[in-house]
Amino acid sequence: MGRADTKLSMGWAEVDITPEQQVLLDGQFYVRVSEGVMDPITATAWALESGGDQVVFVSCDVVDISSELLDGVRARIQERSETLNPLKVVLHATHTHTGPAITTSNSEIAHTDMDLSALGLHPMPVEDYVAYAADQIADMIIRAWETRTEGGIAYGQGFAVIGRNRRWIDDEGRATMYGLTPSNHDRFRHIEGYEDHSVNVVATYNSEEELTGLIINVANPSQSSEHEYEISSDYWHETRLELRRRFGSGLFILPQCSAAGDLSPHQLFDVKANDRMLGLKNQTMRQEIASRLASAIEEMLPHISSSIDYTAQLRHEVTTVDLTLYRLTDEDAMSSRVEAGTAQEWYERELLKLDDEPSIRCTPRWYFDVTNAFGQMNWHRNVVRRYEEQQAGLGLSIPAEVHILRLGEIAFATNPFEYYLDYGIQIKVRSPATQTFLIQLTRASTYLPSPRSIAGGSYGSIPGSYKVGPEGGQQLAEYSVGAIRSLWPNNEE
């Protein structure tokens, strides 16, 4: 691909984006105000230039990448750098559910826009944290970009069981996300979908062939500790510690979450056996995940380090693709109105309870029920609002920014969703690249479920959970495959 004398230049940087004040934590229907810091959250940038093109991948320990954050970062880069194209900067989330909220309250996808101050809650305003994080991340990106030096890459694939399908089918063909308990074990028939245990890695080296960084792409969101009230980067914290223990304290580590909308670190069965082994090892599941990933990479590195490429050319295409939205039915709207009404009654009861029993406010996390009710009320109301817009001829498609890259014989393809694995595997099967890295959660968006998950229903695959359905999901897969193939002349495989 291209001229053999093309040099590869790259730079790395990392920044701590842990807030010093209490913040809202994102990832659940109910409000969680942070109660401390379990471990720091970071952003990491890998800046790359080759063959006259450029890209900066930026991993962020947050649940998703809001428009407010991405636009803020790009605006600052536009102001502060004369050589880096802001559109070539790709922010992507690890999907930790214990990171600060970065979507402002007026966003249509926010679970709640209630006035928290009226409840007596005063976390750091989301807008203030976004401004702080955007400043930190933009400066870090420019630092990585401006410190580029000659470097090389080696790539490979290993395997580690860390992501599990979290949806199961009962004896009537209905799906449930999680919720497999002794009371319904006899109704269990099978796990709904596939799992991808591949660990796709790009290792970076300096001109002295010393390891400088790892890009680690896995089909598993970072939500092992998703219900905690402390700020945390989840299992990536333990993974960074373990990788740096094995390969050097100065190692840069950039996680990428592949298509994994129906996966999580939680397993549905063999739970007792898993817990017993963790006890015997005297470690947490987060430490277990870190160990599995580090061992897979440790096994891989000696083999791939013999093929470091210092001349890999880069091609980076950025396109906005219009995807067809799921067309809501009368039944969808009717069901959502009923559910919204039920949640509203719940919310009003909780407000009355707070008025009648002021002592409730003295108990830990007293605001859980009232904010949970409000969040679910708005979640269902959003479905009704979308239905009414569609009836008026509005809201029929949505733009999605997609990045397609070729780096030597590697392909990268991004999407803004929690993209179900069926689509991801389809793209990998049809890609002509030697190795294909998929990156989800490059924007704040919804689930994008597969056809078989729609048939089963349940959270993640019902209208409140997604805006783009299987029609749009297939459009995105077709575009991604076509764009990747266009970077391999004559569709060489």
# chains A, B, ... in the order shown; residues from 1 in each chain; ligands from 1
>>> select_by_dssp(residues="region 335-489 of chain A", states="strand (DSSP E)", output="list in words")
Ser397, Ile398, Pro399, Ala400, Glu401, Val402, His403, Ile404, Leu405, Arg406, Leu407, Ile410, Ala411, Phe412, Ala413, Thr414, Glu418, Tyr419, Gln435, Thr436, Phe437, Leu438, Ile439, Tyr447 and Leu448 of chain A
>>> closest_atom_pairs(of="region 184-283 of chain A", to="region 35-56 of chain A", cutoff="12 Å", atoms="only C-alpha atoms", output="Markdown table")
| residue | atom | partner | partner_atom | distance |
| --- | --- | --- | --- | --- |
| A:Val202 | CA | A:Trp46 | CA | 11.2 |
| A:Ala203 | CA | A:Trp46 | CA | 11.3 |
| A:Thr204 | CA | A:Trp46 | CA | 9.7 |
| A:Thr212 | CA | A:Trp46 | CA | 10.7 |
| A:Gly213 | CA | A:Trp46 | CA | 8.6 |
| A:Leu214 | CA | A:Trp46 | CA | 9.5 |
| A:Ile215 | CA | A:Trp46 | CA | 8.6 |
| A:Ser222 | CA | A:Ile41 | CA | 11.9 |
| A:Ser225 | CA | A:Met38 | CA | 10.6 |
| A:Glu228 | CA | A:Glu35 | CA | 9.3 |
| A:Tyr229 | CA | A:Glu35 | CA | 5.8 |
| A:Glu230 | CA | A:Gly36 | CA | 5.0 |
| A:Ile231 | CA | A:Val37 | CA | 4.6 |
| A:Ser232 | CA | A:Asp39 | CA | 4.9 |
| A:Ser233 | CA | A:Ile41 | CA | 5.1 |
| A:Asp234 | CA | A:Asp39 | CA | 8.2 |
| A:Tyr235 | CA | A:Asp39 | CA | 10.3 |
| A:Trp236 | CA | A:Ile41 | CA | 9.3 |
| A:His237 | CA | A:Asp39 | CA | 7.0 |
| A:Glu238 | CA | A:Asp39 | CA | 9.4 |
| A:Arg240 | CA | A:Thr42 | CA | 10.9 |
| A:Leu241 | CA | A:Asp39 | CA | 11.2 |
| A:Leu251 | CA | A:Thr44 | CA | 11.3 |
| A:Phe252 | CA | A:Thr44 | CA | 7.7 |
| A:Ile253 | CA | A:Thr44 | CA | 7.3 |
| A:Leu254 | CA | A:Thr44 | CA | 6.0 |
| A:Pro255 | CA | A:Thr44 | CA | 8.6 |
| A:Gln256 | CA | A:Thr44 | CA | 10.9 |
>>> closest_atom_pairs(of="region 263-356 of chain A", to="region 75-96 of chain A", cutoff="9 Å", atoms="only C-alpha atoms", output="tab-separated table")
residue	atom	partner	partner_atom	distance
A:His316	CA	A:Lys88	CA	7.7
A:Glu317	CA	A:Lys88	CA	8.5
A:Val318	CA	A:Lys88	CA	7.5
>>> residues_around(residues="Phe412 (chain A)", least_positions_apart="3", cutoff="10 Å", atoms="only C-alpha atoms", output="mmCIF file with N, CA and C atoms, in the first residue's frame")
data_model
loop_
_atom_site.group_PDB
_atom_site.id
_atom_site.type_symbol
_atom_site.label_atom_id
_atom_site.label_comp_id
_atom_site.auth_asym_id
_atom_site.auth_seq_id
_atom_site.Cartn_x
_atom_site.Cartn_y
_atom_site.Cartn_z
ATOM 1 N N HIS A 316 -7.500 7.566 6.190
ATOM 2 C CA HIS A 316 -8.538 7.848 7.182
ATOM 3 C C HIS A 316 -9.672 8.600 6.509
ATOM 4 N N HIS A 403 -15.917 6.753 11.147
ATOM 5 C CA HIS A 403 -14.515 6.808 10.738
ATOM 6 C C HIS A 403 -14.101 5.427 10.240
ATOM 7 N N ILE A 404 -13.524 5.382 9.047
ATOM 8 C CA ILE A 404 -12.993 4.152 8.483
ATOM 9 C C ILE A 404 -11.513 4.386 8.196
ATOM 10 N N LEU A 405 -10.652 3.502 8.692
ATOM 11 C CA LEU A 405 -9.216 3.686 8.537
ATOM 12 C C LEU A 405 -8.549 2.407 8.055
ATOM 13 N N ARG A 406 -7.489 2.621 7.278
ATOM 14 C CA ARG A 406 -6.565 1.530 6.969
ATOM 15 C C ARG A 406 -5.191 1.932 7.474
ATOM 16 N N LEU A 407 -4.583 1.077 8.265
ATOM 17 C CA LEU A 407 -3.226 1.276 8.751
ATOM 18 C C LEU A 407 -2.451 0.016 8.399
ATOM 19 N N ALA A 433 -9.442 -6.800 5.409
ATOM 20 C CA ALA A 433 -8.251 -6.537 6.221
ATOM 21 C C ALA A 433 -7.770 -7.814 6.909
ATOM 22 N N GLN A 435 -6.753 -7.846 9.912
ATOM 23 C CA GLN A 435 -7.344 -7.731 11.242
ATOM 24 C C GLN A 435 -8.215 -6.486 11.259
ATOM 25 N N THR A 436 -9.427 -6.613 11.810
ATOM 26 C CA THR A 436 -10.383 -5.505 11.804
ATOM 27 C C THR A 436 -10.737 -5.133 13.235
ATOM 28 N N PHE A 437 -10.514 -3.852 13.555
ATOM 29 C CA PHE A 437 -10.796 -3.303 14.878
ATOM 30 C C PHE A 437 -12.074 -2.463 14.787
ATOM 31 N N LEU A 438 -13.099 -2.856 15.507
ATOM 32 C CA LEU A 438 -14.334 -2.083 15.573
ATOM 33 C C LEU A 438 -14.329 -1.264 16.860
ATOM 34 N N ILE A 439 -14.838 -0.044 16.785
ATOM 35 C CA ILE A 439 -14.849 0.844 17.950
ATOM 36 C C ILE A 439 -16.242 1.433 18.086
ATOM 37 N N SER A 480 -19.999 0.339 6.392
ATOM 38 C CA SER A 480 -18.681 0.051 6.967
ATOM 39 C C SER A 480 -17.912 -0.938 6.104
ATOM 40 N N ILE A 484 -14.499 -0.004 4.046
ATOM 41 C CA ILE A 484 -13.256 -0.745 4.286
ATOM 42 C C ILE A 484 -12.738 -1.326 2.983
#
>>> select_by_dssp(residues="region 142-269 of chain A", states="alpha helix (DSSP H)", output="ChimeraX atom specification")
/A:142-146,235-247
>>> write_last_selection(atoms="N, CA and C atoms", output="PDB file, in the first residue's frame")
ATOM      1  N   ILE A 142      -3.203  17.610  21.854  1.00  0.00           N
ATOM      2  CA  ILE A 142      -2.187  18.443  21.197  1.00  0.00           C
ATOM      3  C   ILE A 142      -0.789  18.041  21.655  1.00  0.00           C
ATOM      4  N   ARG A 143      -0.650  17.687  22.922  1.00  0.00           N
ATOM      5  CA  ARG A 143       0.644  17.230  23.422  1.00  0.00           C
ATOM      6  C   ARG A 143       1.078  15.950  22.708  1.00  0.00           C
ATOM      7  N   ALA A 144       0.149  15.009  22.556  1.00  0.00           N
ATOM      8  CA  ALA A 144       0.476  13.771  21.836  1.00  0.00           C
ATOM      9  C   ALA A 144       0.833  14.068  20.386  1.00  0.00           C
ATOM     10  N   TRP A 145       0.077  14.970  19.766  1.00  0.00           N
ATOM     11  CA  TRP A 145       0.292  15.303  18.363  1.00  0.00           C
ATOM     12  C   TRP A 145       1.640  15.990  18.159  1.00  0.00           C
ATOM     13  N   GLU A 146       1.971  16.923  19.033  1.00  0.00           N
ATOM     14  CA  GLU A 146       3.180  17.727  18.841  1.00  0.00           C
ATOM     15  C   GLU A 146       4.459  17.002  19.272  1.00  0.00           C
ATOM     16  N   TYR A 235     -12.703  -2.064  35.349  1.00  0.00           N
ATOM     17  CA  TYR A 235     -11.624  -3.048  35.251  1.00  0.00           C
ATOM     18  C   TYR A 235     -10.415  -2.544  34.476  1.00  0.00           C
ATOM     19  N   TRP A 236     -10.568  -1.432  33.760  1.00  0.00           N
ATOM     20  CA  TRP A 236      -9.389  -0.905  33.069  1.00  0.00           C
ATOM     21  C   TRP A 236      -8.359  -0.359  34.057  1.00  0.00           C
ATOM     22  N   HIS A 237      -8.782   0.004  35.264  1.00  0.00           N
ATOM     23  CA  HIS A 237      -7.804   0.437  36.266  1.00  0.00           C
ATOM     24  C   HIS A 237      -6.876  -0.728  36.619  1.00  0.00           C
ATOM     25  N   GLU A 238      -7.452  -1.865  36.981  1.00  0.00           N
ATOM     26  CA  GLU A 238      -6.632  -3.026  37.317  1.00  0.00           C
ATOM     27  C   GLU A 238      -5.828  -3.505  36.101  1.00  0.00           C
ATOM     28  N   THR A 239      -6.418  -3.393  34.925  1.00  0.00           N
ATOM     29  CA  THR A 239      -5.709  -3.829  33.716  1.00  0.00           C
ATOM     30  C   THR A 239      -4.484  -2.957  33.468  1.00  0.00           C
ATOM     31  N   ARG A 240      -4.629  -1.653  33.621  1.00  0.00           N
ATOM     32  CA  ARG A 240      -3.470  -0.771  33.446  1.00  0.00           C
ATOM     33  C   ARG A 240      -2.375  -1.099  34.461  1.00  0.00           C
ATOM     34  N   LEU A 241      -2.774  -1.299  35.715  1.00  0.00           N
ATOM     35  CA  LEU A 241      -1.785  -1.635  36.736  1.00  0.00           C
ATOM     36  C   LEU A 241      -1.048  -2.932  36.390  1.00  0.00           C
ATOM     37  N   GLU A 242      -1.790  -3.940  35.965  1.00  0.00           N
ATOM     38  CA  GLU A 242      -1.173  -5.238  35.687  1.00  0.00           C
ATOM     39  C   GLU A 242      -0.274  -5.180  34.460  1.00  0.00           C
ATOM     40  N   LEU A 243      -0.704  -4.494  33.404  1.00  0.00           N
ATOM     41  CA  LEU A 243       0.122  -4.388  32.200  1.00  0.00           C
ATOM     42  C   LEU A 243       1.397  -3.598  32.481  1.00  0.00           C
ATOM     43  N   ARG A 244       1.279  -2.544  33.273  1.00  0.00           N
ATOM     44  CA  ARG A 244       2.483  -1.765  33.598  1.00  0.00           C
ATOM     45  C   ARG A 244       3.410  -2.533  34.535  1.00  0.00           C
ATOM     46  N   ARG A 245       2.852  -3.378  35.372  1.00  0.00           N
ATOM     47  CA  ARG A 245       3.695  -4.229  36.218  1.00  0.00           C
ATOM     48  C   ARG A 245       4.502  -5.198  35.371  1.00  0.00           C
ATOM     49  N   ARG A 246       3.882  -5.711  34.324  1.00  0.00           N
ATOM     50  CA  ARG A 246       4.558  -6.719  33.495  1.00  0.00           C
ATOM     51  C   ARG A 246       5.469  -6.111  32.436  1.00  0.00           C
ATOM     52  N   PHE A 247       5.097  -4.938  31.894  1.00  0.00           N
ATOM     53  CA  PHE A 247       5.816  -4.431  30.723  1.00  0.00           C
ATOM     54  C   PHE A 247       6.459  -3.066  30.907  1.00  0.00           C
TER      55      PHE A 247
END
>>> closest_residue(among="A:Tyr447, A:Leu487, A:Phe159, A:Arg361", to="Ser295 (chain A)", atoms="only C-alpha atoms")
A:Phe159
>>> atom_distance(atom1="CA of Arg349 (chain A)", atom2="CA of Thr371 (chain A)")
11.9 Å
>>> atom_distance(atom1="CA of Ser431 (chain A)", atom2="CA of Gly408 (chain A)")
14.1 Å
>>> closest_residue(among="A:Val130, A:Val31, A:Val218, A:Ala118", to="Gly158 (chain A)", atoms="only C-alpha atoms")
A:Val218
>>> atom_distance(atom1="CA of Val199 (chain A)", atom2="CA of Lys7 (chain A)")
27.1 Å
>>> residues_around(residues="Arg189 (chain A)", least_positions_apart="4", cutoff="7 Å", atoms="only C-alpha atoms", output="mmCIF file with C-alpha atoms, in the first residue's frame")
data_model
loop_
_atom_site.group_PDB
_atom_site.id
_atom_site.type_symbol
_atom_site.label_atom_id
_atom_site.label_comp_id
_atom_site.auth_asym_id
_atom_site.auth_seq_id
_atom_site.Cartn_x
_atom_site.Cartn_y
_atom_site.Cartn_z
ATOM 1 C CA ILE A 169 -34.348 -16.763 26.178
ATOM 2 C CA ASP A 170 -37.094 -18.508 28.140
ATOM 3 C CA ASP A 171 -39.455 -21.354 27.221
#
